[in-house]
$ cat work_24.cif   # mmCIF, C-alpha atoms
data_input
loop_
_atom_site.label_atom_id
_atom_site.label_comp_id
_atom_site.auth_asym_id
_atom_site.auth_seq_id
_atom_site.Cartn_x
_atom_site.Cartn_y
_atom_site.Cartn_z
CA MET A 1 257.75 177.05 -16.71
CA ASP A 2 260.33 178.32 -19.18
CA LEU A 3 263.03 178.93 -16.57
CA LEU A 4 262.92 175.30 -15.45
CA GLU A 5 262.73 173.88 -18.98
CA GLN A 6 265.77 175.95 -19.91
CA ARG A 7 267.77 174.55 -16.98
CA ILE A 8 266.74 171.01 -17.87
CA LEU A 9 267.95 171.52 -21.45
CA GLU A 10 271.21 173.11 -20.29
CA GLU A 11 272.12 170.83 -17.39
CA GLY A 12 269.94 167.72 -17.48
CA ILE A 13 271.70 164.47 -18.32
CA VAL A 14 269.73 161.65 -19.91
CA LEU A 15 270.84 158.16 -18.90
CA PRO A 16 269.74 154.77 -20.24
CA GLY A 17 266.39 153.59 -18.86
CA ASN A 18 264.60 156.92 -19.25
CA VAL A 19 266.53 158.46 -16.38
CA LEU A 20 266.92 162.23 -16.28
CA LYS A 21 269.55 163.55 -13.90
CA VAL A 22 269.01 167.11 -12.68
CA ASP A 23 271.21 166.92 -9.61
CA SER A 24 272.98 170.19 -10.42
CA PHE A 25 269.96 172.33 -9.49
CA LEU A 26 267.06 170.26 -8.14
CA ASN A 27 267.91 167.24 -6.02
CA HIS A 28 271.47 167.30 -4.75
CA GLN A 29 272.93 170.69 -5.51
CA ILE A 30 270.07 173.18 -5.19
CA ASP A 31 269.67 176.53 -6.91
CA PRO A 32 267.88 178.58 -4.21
CA GLU A 33 266.62 181.25 -6.62
CA LEU A 34 265.12 178.62 -8.89
CA SER A 35 263.56 176.95 -5.82
CA MET A 36 261.98 180.28 -4.90
CA ALA A 37 260.74 180.84 -8.45
CA MET A 38 259.22 177.35 -8.49
CA GLY A 39 257.50 178.01 -5.15
CA GLU A 40 256.04 181.22 -6.55
CA GLU A 41 254.85 179.40 -9.65
CA PHE A 42 253.14 176.64 -7.65
CA ALA A 43 251.47 179.24 -5.40
CA ASP A 44 250.28 181.07 -8.49
CA ILE A 45 248.99 177.95 -10.28
CA PHE A 46 247.03 176.81 -7.23
CA SER A 47 245.83 180.29 -6.23
CA ASP A 48 242.27 179.35 -7.29
CA VAL A 49 241.89 176.73 -4.53
CA LYS A 50 241.99 176.97 -0.75
CA ILE A 51 245.14 175.39 0.65
CA ASP A 52 245.74 174.84 4.36
CA ARG A 53 249.02 172.99 4.24
CA VAL A 54 251.78 171.76 1.90
CA LEU A 55 252.89 168.13 2.16
CA THR A 56 256.01 166.59 0.65
CA VAL A 57 258.37 163.71 1.37
CA GLU A 58 262.04 163.94 2.32
CA ALA A 59 264.45 164.89 0.93
CA SER A 60 264.40 166.45 -2.55
CA GLY A 61 260.88 167.82 -2.22
CA ILE A 62 261.67 169.94 0.83
CA ALA A 63 263.29 172.95 -0.85
CA ILE A 64 260.40 173.57 -3.25
CA ALA A 65 257.74 172.64 -0.70
CA VAL A 66 259.05 175.22 1.78
CA THR A 67 259.17 178.00 -0.83
CA THR A 68 255.64 177.09 -2.01
CA ALA A 69 254.36 177.12 1.57
CA LEU A 70 256.09 180.44 2.19
CA LYS A 71 254.30 182.03 -0.78
CA LEU A 72 250.96 180.50 0.24
CA GLY A 73 251.41 181.52 3.88
CA VAL A 74 250.73 178.01 5.22
CA PRO A 75 252.77 175.40 7.12
CA MET A 76 254.69 172.65 5.36
CA VAL A 77 255.07 169.07 6.54
CA PHE A 78 257.46 166.52 5.15
CA ALA A 79 256.79 162.80 5.46
CA ARG A 80 259.77 160.82 6.71
CA LYS A 81 261.08 157.77 4.88
CA LYS A 82 262.61 156.43 8.05
CA SER A 83 260.83 156.72 11.36
CA SER A 84 262.76 158.61 14.05
CA VAL A 85 262.93 157.12 17.54
CA LEU A 86 261.43 160.46 18.60
CA MET A 87 258.24 159.76 16.61
CA THR A 88 256.45 158.10 19.52
CA GLU A 89 253.03 159.63 18.88
CA PRO A 90 250.39 158.22 16.49
CA VAL A 91 251.39 158.29 12.82
CA TYR A 92 249.92 157.75 9.39
CA LYS A 93 252.03 155.35 7.32
CA GLU A 94 252.01 154.31 3.66
CA LYS A 95 254.29 152.02 1.74
CA VAL A 96 255.83 153.36 -1.48
CA TYR A 97 258.29 151.82 -3.90
CA SER A 98 261.24 153.77 -5.26
CA TYR A 99 262.32 152.69 -8.74
CA THR A 100 265.58 154.66 -8.54
CA LYS A 101 266.50 153.20 -5.13
CA LYS A 102 264.96 149.80 -5.97
CA GLU A 103 263.34 149.37 -2.58
CA SER A 104 260.14 149.97 -0.68
CA ALA A 105 260.01 152.62 1.99
CA GLU A 106 257.36 153.40 4.52
CA ILE A 107 256.54 157.10 4.51
CA THR A 108 255.34 158.41 7.83
CA VAL A 109 253.71 161.57 9.15
CA LEU A 110 252.74 162.31 12.74
CA GLN A 111 248.95 162.49 12.86
CA LYS A 112 249.02 165.80 14.73
CA PHE A 113 250.66 167.45 11.72
CA LEU A 114 248.02 166.18 9.31
CA PRO A 115 244.75 167.16 10.98
CA ALA A 116 241.40 166.18 9.46
CA GLY A 117 239.29 168.46 7.32
CA GLU A 118 242.09 170.34 5.58
CA ASN A 119 242.93 171.01 1.93
CA ILE A 120 246.43 169.74 1.26
CA LEU A 121 248.72 170.62 -1.62
CA ILE A 122 251.19 167.82 -2.36
CA ILE A 123 254.52 168.96 -3.79
CA ASP A 124 257.36 166.81 -5.08
CA ASP A 125 260.40 167.23 -7.30
CA PHE A 126 259.79 164.35 -9.71
CA LEU A 127 256.93 162.30 -11.07
CA ALA A 128 257.64 159.04 -12.87
CA ASN A 129 255.55 156.11 -11.68
CA GLY A 130 253.62 158.18 -9.18
CA GLU A 131 254.50 156.01 -6.19
CA ALA A 132 255.54 158.86 -3.89
CA ALA A 133 252.76 161.25 -4.94
CA LEU A 134 250.05 158.60 -4.60
CA GLY A 135 251.51 157.49 -1.24
CA LEU A 136 251.30 161.07 -0.03
CA ALA A 137 247.73 161.30 -1.33
CA ARG A 138 246.83 158.16 0.65
CA LEU A 139 248.27 159.80 3.78
CA VAL A 140 246.01 162.81 3.17
CA GLU A 141 242.93 160.62 2.66
CA ALA A 142 243.78 158.56 5.75
CA ALA A 143 243.87 161.80 7.72
CA GLY A 144 240.37 162.71 6.55
CA SER A 145 241.61 165.62 4.48
CA LYS A 146 241.32 166.51 0.81
CA VAL A 147 244.05 166.59 -1.83
CA ALA A 148 243.76 170.11 -3.25
CA GLY A 149 246.24 169.25 -5.95
CA ILE A 150 249.57 167.65 -6.77
CA GLY A 151 252.34 169.98 -7.91
CA ILE A 152 255.41 168.42 -9.50
CA ALA A 153 258.57 170.17 -10.63
CA ILE A 154 259.42 167.73 -13.43
CA GLU A 155 257.16 164.97 -14.67
CA LYS A 156 258.00 162.26 -17.12
CA ALA A 157 254.56 162.30 -18.68
CA PHE A 158 255.31 159.21 -20.78
CA GLN A 159 255.58 157.04 -17.67
CA ASN A 160 252.48 155.85 -15.88
CA GLY A 161 252.43 158.18 -12.84
CA HIS A 162 250.76 160.94 -14.85
CA GLN A 163 247.79 158.77 -15.82
CA ARG A 164 247.56 157.05 -12.41
CA ILE A 165 247.15 160.44 -10.73
CA LEU A 166 244.51 161.61 -13.21
CA ASP A 167 242.69 158.26 -12.91
CA ALA A 168 242.62 158.71 -9.13
CA GLY A 169 240.79 161.99 -9.73
CA TYR A 170 243.51 164.36 -8.57
CA ARG A 171 244.48 167.65 -10.16
CA LEU A 172 248.05 167.41 -11.47
CA GLU A 173 250.22 170.40 -12.36
CA ALA A 174 253.82 169.98 -13.49
CA LEU A 175 256.18 172.91 -14.02
CA ALA A 176 258.00 170.95 -16.71
CA SER A 177 256.35 168.03 -18.48
CA ILE A 178 258.61 165.75 -20.46
CA SER A 179 257.01 163.79 -23.27
CA SER A 180 260.08 161.82 -24.33
CA LEU A 181 263.71 161.10 -23.45
CA GLU A 182 264.30 158.94 -26.51
CA ASN A 183 267.74 159.07 -28.10
CA SER A 184 268.94 160.99 -25.02
CA LYS A 185 266.93 164.00 -26.16
CA VAL A 186 264.60 165.86 -23.80
CA GLU A 187 261.26 166.71 -25.38
CA PHE A 188 258.61 168.67 -23.54
CA SER A 189 254.86 168.17 -23.80
CA GLU A 190 253.36 170.75 -26.12
CA ASP A 191 251.15 172.46 -23.61
CA ASN A 192 252.27 172.29 -20.00
CA ALA A 193 249.36 174.40 -18.93
CA VAL A 194 246.82 171.73 -19.79
CA LEU A 195 247.65 168.50 -18.03
CA GLU A 196 244.19 167.29 -17.21
CA MET B 1 267.59 184.84 17.93
CA ASP B 2 264.58 185.85 20.02
CA LEU B 3 262.01 184.58 17.51
CA LEU B 4 263.45 181.06 17.61
CA GLU B 5 263.91 181.03 21.41
CA GLN B 6 260.28 182.10 21.79
CA ARG B 7 259.08 179.22 19.59
CA ILE B 8 261.22 176.75 21.52
CA LEU B 9 259.70 177.94 24.79
CA GLU B 10 256.17 177.84 23.38
CA GLU B 11 256.28 174.58 21.43
CA GLY B 12 259.39 172.63 22.41
CA ILE B 13 258.83 169.44 24.35
CA VAL B 14 261.56 168.14 26.64
CA LEU B 15 261.78 164.35 26.88
CA PRO B 16 263.91 162.19 29.18
CA GLY B 17 267.54 161.87 28.08
CA ASN B 18 268.02 165.55 27.26
CA VAL B 19 265.87 165.31 24.16
CA LEU B 20 264.19 168.46 22.87
CA LYS B 21 261.40 167.93 20.35
CA VAL B 22 260.76 170.86 18.03
CA ASP B 23 258.96 168.93 15.31
CA SER B 24 256.11 171.45 15.13
CA PHE B 25 258.24 174.10 13.37
CA LEU B 26 261.77 172.83 12.59
CA ASN B 27 262.16 169.20 11.61
CA HIS B 28 258.86 167.60 10.61
CA GLN B 29 256.28 170.33 10.32
CA ILE B 30 258.12 173.41 9.05
CA ASP B 31 257.23 177.05 9.55
CA PRO B 32 258.35 178.60 6.25
CA GLU B 33 258.45 182.18 7.57
CA LEU B 34 260.62 181.12 10.47
CA SER B 35 262.85 179.20 8.02
CA MET B 36 263.22 182.37 5.98
CA ALA B 37 263.98 184.45 9.09
CA MET B 38 266.62 181.93 10.15
CA GLY B 39 268.21 182.01 6.69
CA GLU B 40 268.35 185.80 6.87
CA GLU B 41 269.90 185.63 10.33
CA PHE B 42 272.59 183.15 9.23
CA ALA B 43 273.40 185.27 6.17
CA ASP B 44 273.69 188.32 8.43
CA ILE B 45 275.88 186.60 11.05
CA PHE B 46 278.28 185.28 8.41
CA SER B 47 278.26 188.45 6.27
CA ASP B 48 281.85 189.19 7.35
CA VAL B 49 283.29 186.13 5.58
CA LYS B 50 283.32 185.08 1.94
CA ILE B 51 281.00 182.15 1.32
CA ASP B 52 280.87 180.26 -1.96
CA ARG B 53 278.42 177.53 -1.04
CA VAL B 54 276.14 176.23 1.71
CA LEU B 55 276.38 172.57 2.71
CA THR B 56 273.91 170.61 4.83
CA VAL B 57 272.74 167.03 5.20
CA GLU B 58 269.28 165.65 4.45
CA ALA B 59 266.61 166.09 5.61
CA SER B 60 265.91 168.61 8.37
CA GLY B 61 268.76 170.95 7.42
CA ILE B 62 267.46 171.53 3.89
CA ALA B 63 264.80 174.16 4.61
CA ILE B 64 267.14 176.50 6.51
CA ALA B 65 270.10 175.78 4.24
CA VAL B 66 268.12 176.80 1.15
CA THR B 67 266.89 180.04 2.71
CA THR B 68 270.43 180.85 3.92
CA ALA B 69 271.85 180.16 0.44
CA LEU B 70 269.10 182.29 -1.11
CA LYS B 71 270.04 185.26 1.06
CA LEU B 72 273.76 184.74 0.40
CA GLY B 73 273.20 184.31 -3.35
CA VAL B 74 275.14 181.03 -3.51
CA PRO B 75 274.26 177.42 -4.34
CA MET B 76 273.31 174.89 -1.66
CA VAL B 77 274.27 171.23 -1.61
CA PHE B 78 272.84 168.59 0.68
CA ALA B 79 274.76 165.46 1.55
CA ARG B 80 272.76 162.28 1.18
CA LYS B 81 272.48 159.73 3.97
CA LYS B 82 271.71 157.01 1.49
CA SER B 83 273.45 156.79 -1.83
CA SER B 84 271.16 156.90 -4.86
CA VAL B 85 271.72 154.41 -7.66
CA LEU B 86 272.02 157.52 -9.83
CA MET B 87 275.14 158.68 -7.93
CA THR B 88 277.57 156.89 -10.23
CA GLU B 89 280.19 159.62 -10.34
CA PRO B 90 283.02 160.08 -7.78
CA VAL B 91 281.84 160.99 -4.28
CA TYR B 92 283.19 162.14 -0.95
CA LYS B 93 281.93 159.97 1.92
CA GLU B 94 282.10 160.24 5.70
CA LYS B 95 280.63 158.05 8.39
CA VAL B 96 278.51 159.73 11.08
CA TYR B 97 276.63 158.30 14.03
CA SER B 98 273.09 159.42 14.84
CA TYR B 99 272.24 159.21 18.55
CA THR B 100 268.54 159.75 17.92
CA LYS B 101 268.39 157.06 15.23
CA LYS B 102 270.95 154.86 17.02
CA GLU B 103 272.82 153.96 13.86
CA SER B 104 275.71 154.98 11.68
CA ALA B 105 275.09 156.50 8.29
CA GLU B 106 277.45 157.29 5.49
CA ILE B 107 276.93 160.84 4.27
CA THR B 108 277.79 161.34 0.64
CA VAL B 109 278.31 164.26 -1.74
CA LEU B 110 279.17 164.09 -5.42
CA GLN B 111 282.67 165.53 -5.81
CA LYS B 112 281.55 167.80 -8.65
CA PHE B 113 279.27 169.66 -6.23
CA LEU B 114 282.05 170.25 -3.70
CA PRO B 115 284.86 171.71 -5.81
CA ALA B 116 288.26 172.49 -4.26
CA GLY B 117 289.30 175.93 -3.09
CA GLU B 118 285.92 177.17 -1.89
CA ASN B 119 284.68 178.65 1.39
CA ILE B 120 281.81 176.53 2.65
CA LEU B 121 279.19 177.43 5.21
CA ILE B 122 277.82 174.35 6.98
CA ILE B 123 274.20 174.66 8.15
CA ASP B 124 272.22 172.19 10.24
CA ASP B 125 269.11 172.23 12.38
CA PHE B 126 270.52 170.69 15.56
CA LEU B 127 273.84 170.31 17.33
CA ALA B 128 274.19 167.77 20.11
CA ASN B 129 277.23 165.52 19.83
CA GLY B 130 278.45 167.21 16.68
CA GLU B 131 278.57 164.04 14.61
CA ALA B 132 276.75 165.45 11.57
CA ALA B 133 278.46 168.86 11.63
CA LEU B 134 281.94 167.34 12.00
CA GLY B 135 281.17 164.79 9.29
CA LEU B 136 280.18 167.62 6.96
CA ALA B 137 283.38 169.49 7.91
CA ARG B 138 285.43 166.40 7.00
CA LEU B 139 283.69 166.33 3.60
CA VAL B 140 284.71 169.96 3.06
CA GLU B 141 288.33 169.27 4.07
CA ALA B 142 288.45 166.17 1.87
CA ALA B 143 287.36 168.35 -1.04
CA GLY B 144 290.25 170.75 -0.44
CA SER B 145 287.94 173.54 0.64
CA LYS B 146 287.69 175.62 3.81
CA VAL B 147 284.95 175.58 6.44
CA ALA B 148 283.91 179.25 6.62
CA GLY B 149 281.72 178.50 9.61
CA ILE B 150 279.12 176.20 11.10
CA GLY B 151 275.64 177.64 11.59
CA ILE B 152 273.23 175.71 13.78
CA ALA B 153 269.58 176.53 14.46
CA ILE B 154 269.47 174.98 17.94
CA GLU B 155 272.47 173.74 19.87
CA LYS B 156 272.47 171.85 23.12
CA ALA B 157 275.60 173.59 24.38
CA PHE B 158 275.84 171.29 27.40
CA GLN B 159 276.51 168.26 25.17
CA ASN B 160 279.94 167.72 23.68
CA GLY B 161 279.36 168.81 20.07
CA HIS B 162 279.85 172.47 20.96
CA GLN B 163 283.32 171.91 22.41
CA ARG B 164 284.34 169.38 19.75
CA ILE B 165 283.66 171.96 17.03
CA LEU B 166 285.57 174.71 18.83
CA ASP B 167 288.45 172.28 19.52
CA ALA B 168 288.59 171.50 15.80
CA GLY B 169 289.12 175.23 15.21
CA TYR B 170 285.82 176.00 13.50
CA ARG B 171 283.66 179.06 14.00
CA LEU B 172 280.34 178.04 15.52
CA GLU B 173 277.20 180.18 15.52
CA ALA B 174 273.91 178.94 16.94
CA LEU B 175 270.66 180.86 16.63
CA ALA B 176 269.48 179.38 19.92
CA SER B 177 271.95 177.96 22.43
CA ILE B 178 270.50 175.79 25.17
CA SER B 179 272.51 175.52 28.36
CA SER B 180 270.26 173.08 30.18
CA LEU B 181 267.17 170.88 29.80
CA GLU B 182 267.19 169.76 33.44
CA ASN B 183 263.82 169.21 35.12
CA SER B 184 262.21 169.49 31.65
CA LYS B 185 262.97 173.21 31.63
CA VAL B 186 264.66 174.89 28.66
CA GLU B 187 267.39 177.31 29.67
CA PHE B 188 269.31 179.35 27.15
CA SER B 189 272.97 180.30 27.31
CA GLU B 190 273.32 183.86 28.60
CA ASP B 191 274.95 185.33 25.55
CA ASN B 192 274.16 183.61 22.26
CA ALA B 193 276.22 186.13 20.40
CA VAL B 194 279.49 184.93 21.92
CA LEU B 195 279.92 181.24 21.33
CA GLU B 196 283.60 181.17 20.64
#

$ encode --input "work_24.cif" --output "structure tokens"
Amino acid sequence: MDLLEQRILEEGIVLPGNVLKVDSFLNHQIDPELSMAMGEEFADIFSDVKIDRVLTVEASGIAIAVTTALKLGVPMVFARKKSSVLMTEPVYKEKVYSYTKKESAEITVLQKFLPAGENILIIDDFLANGEAALGLARLVEAAGSKVAGIGIAIEKAFQNGHQRILDAGYRLEALASISSLENSKVEFSEDNAVLE
Amino acid sequence: MDLLEQRILEEGIVLPGNVLKVDSFLNHQIDPELSMAMGEEFADIFSDVKIDRVLTVEASGIAIAVTTALKLGVPMVFARKKSSVLMTEPVYKEKVYSYTKKESAEITVLQKFLPAGENILIIDDFLANGEAALGLARLVEAAGSKVAGIGIAIEKAFQNGHQRILDAGYRLEALASISSLENSKVEFSEDNAVLE
């Protein structure tokens, strides 16, 4: 997605340890028009499969998951990283590790919002090691539903999440696929359209 | 907002302790069309004031803050409840207490995303004791900006947040204002349009 790649080149900051900061438009300050454009792009990319529901995890995935769900005309559900005292009904839970926060979190969804037999599109802002995306996929499988695909705004294709998702048999689509951050320079994969 | 009141009556669940659960459309499962309608309504209500930026706090405020910001044509920023290891630049921080989670959290915004001299619209999904909204207002004041207004999807007007916000001199607009949850029955304030 050219619009997103352009913003990454203009505003992304590469830090040591293969970290790409895009907090000026994606995960702290949010550009609503870009969020809408990304939602439209995801809806378009996955228009060939039936999707009943969009699933993401709080917090940075919410803006693009809601715009994607809006364009698809389906509900969105976000998994919580911290259980609310109001979540007293049965839940699905999966443990995921965050490399940026350096801690494990249990992601939780109320079972009634992840009914069996559905086709679920997983959306998230970033893919690095694949912990969050694969945790969400396990929630979907636990619910007896099918992962229709995994849509990622920005993937660092040189880290192992990309391959882990393909190895698990899921369809992966990233709007911007980064092949290298070496020497603080962002390089995109040659063909974003073919990630499988 | 009739659409929101209708959904509350149809799907809201009243629990002991004046708790209203609306997790089927507002803060766990999200109805994207309703989120968009709420964003349009907020943009309309606050169309008489200049707004440079929308501010909310993760996670449930994000969906309606992004749709509001989209309609207003301004950026959105969400305060984080947990600092990321990537937030190494100067921040504004305020402590807020969550009655549903029974714990204090420090809400944090990078200073560069809350520049001085702006007019900020604060958006959140719920108002009860006003802790989150007033914490966000303190962030805005600390930044040297002005609170243009506080827009809330659902307020429990019988709890003290409503009065605390008015006492602090802020303009408060709720899309649905609940006057009572007694006997597990949702009652709305007579005139949502006049909350000041």

$ closest_atom_pairs --input "work_24.cif" --of "chain B" --to "chain A" --cutoff "9 Å" --atoms "all atoms listed in the file" --output "JSON lines"
{"residue": "B:Val19", "atom": "CA", "partner": "A:Leu86", "partner_atom": "CA", "distance": 8.6}
{"residue": "B:Lys21", "atom": "CA", "partner": "A:Leu86", "partner_atom": "CA", "distance": 7.7}
{"residue": "B:Ser24", "atom": "CA", "partner": "A:Phe113", "partner_atom": "CA", "distance": 7.6}
{"residue": "B:Phe25", "atom": "CA", "partner": "A:Pro75", "partner_atom": "CA", "distance": 8.4}
{"residue": "B:Asn27", "atom": "CA", "partner": "A:Phe78", "partner_atom": "CA", "distance": 8.4}
{"residue": "B:His28", "atom": "CA", "partner": "A:Phe78", "partner_atom": "CA", "distance": 5.7}
{"residue": "B:Gln29", "atom": "CA", "partner": "A:Val77", "partner_atom": "CA", "distance": 4.2}
{"residue": "B:Ile30", "atom": "CA", "partner": "A:Met76", "partner_atom": "CA", "distance": 5.1}
{"residue": "B:Asp31", "atom": "CA", "partner": "A:Pro75", "partner_atom": "CA", "distance": 5.3}
{"residue": "B:Pro32", "atom": "CA", "partner": "A:Leu70", "partner_atom": "CA", "distance": 5.0}
{"residue": "B:Glu33", "atom": "CA", "partner": "A:Leu70", "partner_atom": "CA", "distance": 6.1}
{"residue": "B:Ser35", "atom": "CA", "partner": "A:Val66", "partner_atom": "CA", "distance": 8.3}
{"residue": "B:Met36", "atom": "CA", "partner": "A:Leu70", "partner_atom": "CA", "distance": 8.3}
{"residue": "B:Glu58", "atom": "CA", "partner": "A:Ala59", "partner_atom": "CA", "distance": 6.0}
{"residue": "B:Ala59", "atom": "CA", "partner": "A:Ala59", "partner_atom": "CA", "distance": 5.3}
{"residue": "B:Ser60", "atom": "CA", "partner": "A:Ala59", "partner_atom": "CA", "distance": 8.4}
{"residue": "B:Ile62", "atom": "CA", "partner": "A:Ala63", "partner_atom": "CA", "distance": 6.5}
{"residue": "B:Ala63", "atom": "CA", "partner": "A:Ala63", "partner_atom": "CA", "distance": 5.8}
{"residue": "B:Ala65", "atom": "CA", "partner": "A:Ala63", "partner_atom": "CA", "distance": 9.0}
{"residue": "B:Val66", "atom": "CA", "partner": "A:Pro32", "partner_atom": "CA", "distance": 5.7}
{"residue": "B:Thr67", "atom": "CA", "partner": "A:Pro32", "partner_atom": "CA", "distance": 7.1}
{"residue": "B:Thr68", "atom": "CA", "partner": "A:Pro32", "partner_atom": "CA", "distance": 8.8}
{"residue": "B:Ala69", "atom": "CA", "partner": "A:Pro32", "partner_atom": "CA", "distance": 6.3}
{"residue": "B:Leu70", "atom": "CA", "partner": "A:Pro32", "partner_atom": "CA", "distance": 5.0}
{"residue": "B:Lys71", "atom": "CA", "partner": "A:Pro32", "partner_atom": "CA", "distance": 8.8}
{"residue": "B:Gly73", "atom": "CA", "partner": "A:Pro32", "partner_atom": "CA", "distance": 7.9}
{"residue": "B:Val74", "atom": "CA", "partner": "A:Pro32", "partner_atom": "CA", "distance": 7.7}
{"residue": "B:Pro75", "atom": "CA", "partner": "A:Asp31", "partner_atom": "CA", "distance": 5.3}
{"residue": "B:Met76", "atom": "CA", "partner": "A:Ile30", "partner_atom": "CA", "distance": 5.1}
{"residue": "B:Val77", "atom": "CA", "partner": "A:Gln29", "partner_atom": "CA", "distance": 4.2}
{"residue": "B:Phe78", "atom": "CA", "partner": "A:His28", "partner_atom": "CA", "distance": 5.7}
{"residue": "B:Ala79", "atom": "CA", "partner": "A:His28", "partner_atom": "CA", "distance": 7.3}
{"residue": "B:Arg80", "atom": "CA", "partner": "A:His28", "partner_atom": "CA", "distance": 7.9}
{"residue": "B:Ser83", "atom": "CA", "partner": "A:Lys101", "partner_atom": "CA", "distance": 8.5}
{"residue": "B:Ser84", "atom": "CA", "partner": "A:Lys101", "partner_atom": "CA", "distance": 6.0}
{"residue": "B:Val85", "atom": "CA", "partner": "A:Lys101", "partner_atom": "CA", "distance": 5.9}
{"residue": "B:Leu86", "atom": "CA", "partner": "A:Thr100", "partner_atom": "CA", "distance": 7.2}
{"residue": "B:Thr100", "atom": "CA", "partner": "A:Val85", "partner_atom": "CA", "distance": 6.2}
{"residue": "B:Lys101", "atom": "CA", "partner": "A:Val85", "partner_atom": "CA", "distance": 5.9}
{"residue": "B:Lys102", "atom": "CA", "partner": "A:Val85", "partner_atom": "CA", "distance": 8.3}
{"residue": "B:Val109", "atom": "CA", "partner": "A:His28", "partner_atom": "CA", "distance": 8.1}
{"residue": "B:Leu110", "atom": "CA", "partner": "A:His28", "partner_atom": "CA", "distance": 8.4}
{"residue": "B:Phe113", "atom": "CA", "partner": "A:Gln29", "partner_atom": "CA", "distance": 6.5}

$ residues_around --input "work_24.cif" --residues "stretch 144-160 of chain B" --least-positions-apart "5" --cutoff "6 Å" --atoms "all atoms listed in the file" --output "list in words"
Ala116, Gly117, Glu118, Asn119, Ile120, Leu121, Ile122, Ile123, Asp124, Asp125, Phe126, Leu127, Ala128, Asn129, Arg171, Leu172, Glu173, Ala174, Leu175, Ala176, Ser177, Ile178 and Ser179 of chain B

$ atom_distance --input "work_24.cif" --atom1 "atom CA of B:Glu5" --atom2 "atom CA of B:Glu41"
13.4 Å

$ atom_distance --input "work_24.cif" --atom1 "atom CA of A:Glu11" --atom2 "atom CA of A:Glu187"
14.1 Å

$ atom_distance --input "work_24.cif" --atom1 "atom CA of B:Gly17" --atom2 "atom CA of A:Thr88"
14.5 Å

$ resolve_selection --input "work_24.cif" --expression "the PyMOL selection byres ((chain B and resi 186) around 9)" --output "VMD selection string"
chain B and resid 8 to 9 12 14 20 178 to 185 187 to 188

$ decode --input "work_24.cif" --residues "stretch 87-109 of chain A" --atoms "C-alpha atoms" --output "short mmCIF file (atom, residue, chain, number, x, y, z; two decimals), in the first residue's frame"
data_model
loop_
_atom_site.label_atom_id
_atom_site.label_comp_id
_atom_site.auth_asym_id
_atom_site.auth_seq_id
_atom_site.Cartn_x
_atom_site.Cartn_y
_atom_site.Cartn_z
CA MET A 87 -15.80 -10.19 32.49
CA THR A 88 -17.56 -12.75 34.67
CA GLU A 89 -18.82 -14.96 31.85
CA PRO A 90 -16.83 -17.78 30.19
CA VAL A 91 -13.77 -16.62 28.26
CA TYR A 92 -11.17 -17.93 25.86
CA LYS A 93 -7.64 -17.11 27.01
CA GLU A 94 -4.21 -17.38 25.40
CA LYS A 95 -0.81 -16.36 26.66
CA VAL A 96 1.31 -14.14 24.39
CA TYR A 97 4.71 -12.58 24.91
CA SER A 98 5.40 -8.97 23.99
CA TYR A 99 9.01 -8.31 22.97
CA THR A 100 8.55 -4.53 23.15
CA LYS A 101 6.99 -4.66 26.62
CA LYS A 102 9.19 -7.58 27.70
CA GLU A 103 6.40 -9.44 29.44
CA SER A 104 3.75 -12.07 28.92
CA ALA A 105 0.12 -11.09 28.78
CA GLU A 106 -2.98 -13.20 28.75
CA ILE A 107 -5.31 -12.13 25.96
CA THR A 108 -8.94 -12.77 26.68
CA VAL A 109 -12.21 -12.76 24.75
#
